[in-house]
Each structure stands twice: as structure tokens, then as C-alpha cells.
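First comes the structure, then the notes that go with it.
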Amino acid sequence: MINQEKKDHILSLIAEIADIQKDDIKDESTFEEIGMDSLMALELAVRIEREFEVFIQEEELMNLRKVEDVFLFVEQGGFID
Amino acid sequence: MKVNTDEYQKKTALVTGGSKGIGREVVKLLAKNNINVIFTYNKNYKAAYALMEELKDCNVFITGIPCDLNNQSEIDHLVTTILYTYPNLHFLVNNAGTNIDKPFSQIKDDDWHNVIQVNLNATAYLTQKLLRRILIQQGSVVNVTSISGITGAIGQTNYSAAKAGIIGFTRSLAKEVGTFNVRVNCVAPGYIETEMLDSVPSTNIKRIKKQTALKRLGNKKEIAETILFLLSDKASYITGQTLIVDGGLI
């Protein structure tokens with residue numbers, strides 16, 4: 001399980017980029033549901049790589065569709081099985 | 001131009017078409033400004049090795065990678081090498097180009113596609129594949145276009161179309177990535193003393209010099225200095241632009 005500190009950090013990033021309240025984001029929310037378009041998803045990927053020092057490959061980026069996918073990705077240190 | 005070298009410490013650039021012409025001057029200038037450089041070359045490995053030898057005393061790494069930008073598998077190999085070996089890419093200089101000059105009525109499909117592929121498609125493809133590395137490093141991109149892409153030129157319908165495409169591509173990408181503090185610009189050289197001018201008759205060269213405000217051809221270093229300027233923080237509020245470096249020709 002991802003620790004609460006990392007989870008809060010990710011939620012803050014998503015809230016900032018999608019310009020929504022952090023409380024409105026659920027773990028199972030899809031990017032589409034929270035109004036995150038492809039450019040915002042790119043910005044999220046860049047911020048996550050910078051701030052968590054993980055490397056997201058292009059094909060992995062395509063697999064990040066939900067908020068919980070991002071938690072899992074960061075928790076696993078940049079890998080999704 | 002000598003820039004603050006501390007600013008570039010450990011930064012890495014990729015320069016396409018770096019073994020000769022303008023690209024070679026760009027590689028040399030970046031290296032002398034403490035920027036690590038990976039450059040591509042098509043077939044001229046002797047020129048590439050000579051360049052690496054020339055720069056061996058610079059306090060940076062210089063690596064030449066063979067890549068025919070008309071060959072998709074070679075481009076993919078280049079991308080993989082960069083992503084896994086040099087992921088901290090700051091700067092991309094899309095410089096490689098080719099021309100097959102003919103009257104439009106005589107241009108064959110291959111002539112058209114080859115010139116569009118090397119000049120425009122390869123620029124877009126490489127930039128797309130390496131973009132996120134540059135976004136993460138908050139780097140900068142410079143695409144080398146030509147005044148032919150702005151004014152047009154007899155016998156260069158394919159080349160002018162490709163170079164004009166680069167200008168439009170640059171403007172759009174600059175708008176997309178500005179939010180990441182990443183800048184994308186073009187340099188549009190006029191007539192520069194390179195191998196590309198070898199096939200131009202001397203009478204035409206004389207006429208070109210006469211029409212140019214500064215009454216001379218440009219040199220490669222003048223273009224390289226402009227590229228370095230656009231990559232550097234000295235150009236921190238310039239993006240989406242095409243800087244014409246033609247001595248006052250157009």
C-alpha cells in the first residue's frame with residue numbers, strides 16, 4: 001500500500017493540474033471523470049517523474065487511466081505489472 | 001558568444017546531422033560551453049570520429065551515433081539509445097537536413113518523400129519521442145529551418161514545404177509545452193558557406209552576395225552562435241519564433 005504522505009502528494013498534484021478540489025478526487029476516479037485531458041496527463045507524468053524520481057515510459061503512460069493507477073505506479077517505483 | 005558555463009554543467013544535448021556543416025559547428029560550440037553532446041551522422045564516420053577526436057580535451061562527453069533519418073529502424077534505435085543511456089536530455093537541435101533540388105514537374109515521389117522525411121518527419125518523430133525527457137529537464141528545442149521555408153525558392157518545392165512545415169510545427173509545439181517552461185524555436189539560415197552551396201554556380205553566389213545587405217555569405221559559426229543563444233537562458237522569453245539569420249537578404 002502506498003503511504004499516506006505520497007498519496008497526499010499525488011492528490012495535490014492532480015488537484016493542482018486539473019484545477020479541482022482535492023476532496024473531490026476518489027481513488028477510483030478516472031482522469032476523464034476529473035476533467036484531466038491528455039495534456040494535463042502529460043503534465044502529471046512530468047511532475048511525478050520529477051518529484052518521485054521514477055521513469056515513466058510512453059507505453060506505461062498510456063496505462064495510467066485512474067488515480068489509483070498512479071498510486072500503484074509510484075508505489076512500485078515506476079513499474080506496472 | 002561565451003555563456004556562463006556553470007549554467008550548462010552536466011546538461012546534455014542531442015544534435016542531429018552533427019558531423020558536418022552547421023551541425024558540426026553546433027557540436028563544437030556546445031562542447032566548448034561545457035554541454036555534453038550526442039550527435040548523429042549519416043554515413044561519414046571518418047568526419048564523426050575526427051570531430052570526437054578534435055573535442056577530446058573538452059571537459060564533456062561527445063558521442064557520435066550513426067543514424068540515417070530516412071530509415072525508421074535506425075531512428076528507433078537512436079531513440080532507445082538516448083532514452084536508456086542519456087535520459088537527462090536538456091537540449092535537442094534538429095539540424096539534419098537534405099535537399100534534392102529540381103523543377104517541381106521533374107520531382108519524383110521518392111525525391112519528395114525523402115526530403116520531407118529527413119527534414120520534417122524525422123524532426124517531428126524524434127522530438128515526440130524525446131519530448132518528455134526535455135520537459136522533465138525544462139530544456140529547450142531548436143529546429144533548423146531555412147529562408148526557403150519562408151520565401152520559397154525555385155527548384156526547392158519539396159525542401160521549402162518541409163522547412164515551412166518545421167516552422168508551423170515549432171509554433172504549435174511551443175504553445176503546447178510552454179506550460180512546462182520549455183521553449184521551442186527555429187533558426188532560419190540564409191546562404192551559409194557549407195557543402196550545400198558547392199553545387200550553386202559562382203555567378204549565382206555573386207548575385208546572392210549583391211542582394212544581401214551585408215554583401216557576403218554567412219558562416220557556420222554565426223548560425224551555431226544563434227542556436228546556442230536560443231537554447232540558453234539568455235533567450236528565456238523567446239518561444240515559437242523563427243530567427244532569420246541571413247545577413248539581411250529577405
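Ligands are numbered from 1 in the order shown, chains are lettered A, B, ... in the order of the C-alpha cells, and residues start at 1 in each chain.
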From a backbone DSSP assignment, name each residue in chain A labelled helix (DSSP H, G or I), as a PDB file with C-alpha atoms, in the first residue's frame.
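The resulting file, result_0.pdb, is shown below:
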```pdb
ATOM      1  CA  GLN A   4      -0.448   8.483   3.112  1.00  0.00           C
ATOM      2  CA  GLU A   5       2.229  11.110   2.555  1.00  0.00           C
ATOM      3  CA  LYS A   6       2.897  10.009  -1.026  1.00  0.00           C
ATOM      4  CA  LYS A   7      -0.824   9.633  -1.658  1.00  0.00           C
ATOM      5  CA  ASP A   8      -1.487  13.190  -0.454  1.00  0.00           C
ATOM      6  CA  HIS A   9       1.348  14.469  -2.588  1.00  0.00           C
ATOM      7  CA  ILE A  10      -0.100  12.794  -5.704  1.00  0.00           C
ATOM      8  CA  LEU A  11      -3.617  14.011  -4.935  1.00  0.00           C
ATOM      9  CA  SER A  12      -2.295  17.564  -4.503  1.00  0.00           C
ATOM     10  CA  LEU A  13      -0.567  17.354  -7.878  1.00  0.00           C
ATOM     11  CA  ILE A  14      -3.728  16.077  -9.575  1.00  0.00           C
ATOM     12  CA  ALA A  15      -5.873  18.745  -7.899  1.00  0.00           C
ATOM     13  CA  GLU A  16      -3.466  21.482  -8.947  1.00  0.00           C
ATOM     14  CA  ILE A  17      -3.172  20.301 -12.553  1.00  0.00           C
ATOM     15  CA  ALA A  18      -6.886  19.544 -13.063  1.00  0.00           C
ATOM     16  CA  LYS A  22      -8.512  17.513  -3.599  1.00  0.00           C
ATOM     17  CA  ASP A  23     -11.562  16.201  -1.715  1.00  0.00           C
ATOM     18  CA  ASP A  24     -13.399  15.687  -4.993  1.00  0.00           C
ATOM     19  CA  SER A  38      -4.189  14.377 -22.391  1.00  0.00           C
ATOM     20  CA  LEU A  39      -2.060  17.496 -21.924  1.00  0.00           C
ATOM     21  CA  MET A  40      -2.853  17.549 -18.217  1.00  0.00           C
ATOM     22  CA  ALA A  41      -1.966  13.837 -18.018  1.00  0.00           C
ATOM     23  CA  LEU A  42       1.364  14.666 -19.632  1.00  0.00           C
ATOM     24  CA  GLU A  43       1.938  17.411 -17.073  1.00  0.00           C
ATOM     25  CA  LEU A  44       1.097  14.974 -14.286  1.00  0.00           C
ATOM     26  CA  ALA A  45       3.557  12.425 -15.678  1.00  0.00           C
ATOM     27  CA  VAL A  46       6.312  15.029 -15.854  1.00  0.00           C
ATOM     28  CA  ARG A  47       5.660  16.252 -12.308  1.00  0.00           C
ATOM     29  CA  ILE A  48       5.572  12.685 -10.962  1.00  0.00           C
ATOM     30  CA  GLU A  49       8.842  11.803 -12.694  1.00  0.00           C
ATOM     31  CA  ARG A  50      10.481  14.926 -11.310  1.00  0.00           C
ATOM     32  CA  GLU A  51       9.118  14.753  -7.785  1.00  0.00           C
ATOM     33  CA  PHE A  52       9.178  10.992  -7.187  1.00  0.00           C
ATOM     34  CA  GLU A  58       5.436   6.181 -23.113  1.00  0.00           C
ATOM     35  CA  GLU A  59       3.546   2.870 -23.120  1.00  0.00           C
ATOM     36  CA  GLU A  60       3.219   2.985 -19.328  1.00  0.00           C
ATOM     37  CA  LEU A  61       1.801   6.473 -19.505  1.00  0.00           C
ATOM     38  CA  MET A  62      -0.995   5.111 -21.694  1.00  0.00           C
ATOM     39  CA  ASN A  63      -1.831   2.602 -18.938  1.00  0.00           C
ATOM     40  CA  VAL A  67      -5.955   7.923  -9.891  1.00  0.00           C
ATOM     41  CA  GLU A  68      -5.266   4.563  -8.224  1.00  0.00           C
ATOM     42  CA  ASP A  69      -3.109   3.568 -11.224  1.00  0.00           C
ATOM     43  CA  VAL A  70      -0.845   6.488 -10.355  1.00  0.00           C
ATOM     44  CA  PHE A  71      -0.643   5.398  -6.698  1.00  0.00           C
ATOM     45  CA  LEU A  72       0.301   1.887  -7.786  1.00  0.00           C
ATOM     46  CA  PHE A  73       2.858   3.144 -10.273  1.00  0.00           C
ATOM     47  CA  VAL A  74       4.634   5.356  -7.741  1.00  0.00           C
ATOM     48  CA  GLU A  75       4.442   2.686  -5.025  1.00  0.00           C
TER      49      GLU A  75
END
```
Could you write out as a count of residues only the residues of chain B within 7 Å of chain A, counting only C-alpha atoms?
3
For range 213-221 of chain B, please output as a PyMOL selection string all residues within 10 Å (counting only C-alpha atoms; exclusion window: fewer than 4 positions along the same chain).
chain B and resi 21-26+28-29+189-194+205-209+225-227+245-250
Can you tell me, as a list in words, which residues in range 146-248 of chain B count as strand (DSSP E or B) by DSSP?
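Reading the DSSP output for range 146-248 of chain B, strand (DSSP E or B) covers Arg183, Val184, Asn185, Cys186, Val187, Ala188, Pro189, Ile192, Gly218, Thr242, Leu243, Ile244 and Val245 of chain B.
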For a test of reading the model, state the distance in Å between CA of Leu30 in chain B and CA of Gly149 in chain B, rounded to one decimal.
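Answer for the CA of Leu30 in chain B to CA of Gly149 in chain B separation: 25.9 Å.
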Gap from CA of Glu54 in chain B to CA of Val141 in chain B - Å, one decimal
25.4 Å
Nearest-residue call for Ile154 in chain B, choices B:Met196, B:Cys67, B:Ile167, B:Ile100, using only C-alpha atoms
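Under the stated criterion, the closest residue is B:Ile100.
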What is the CA of Ser19 in chain B-CA of Leu92 in chain B distance in Å, reported with one decimal?
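So the answer is 15.6 Å.
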Need to verify the contact set: Leu14 in chain B, 6 Å, only C-alpha atoms, exclusion of same-chain residues closer than 4 positions in sequence. Can you return it as a ChimeraX atom specification?
/B:37-39,92
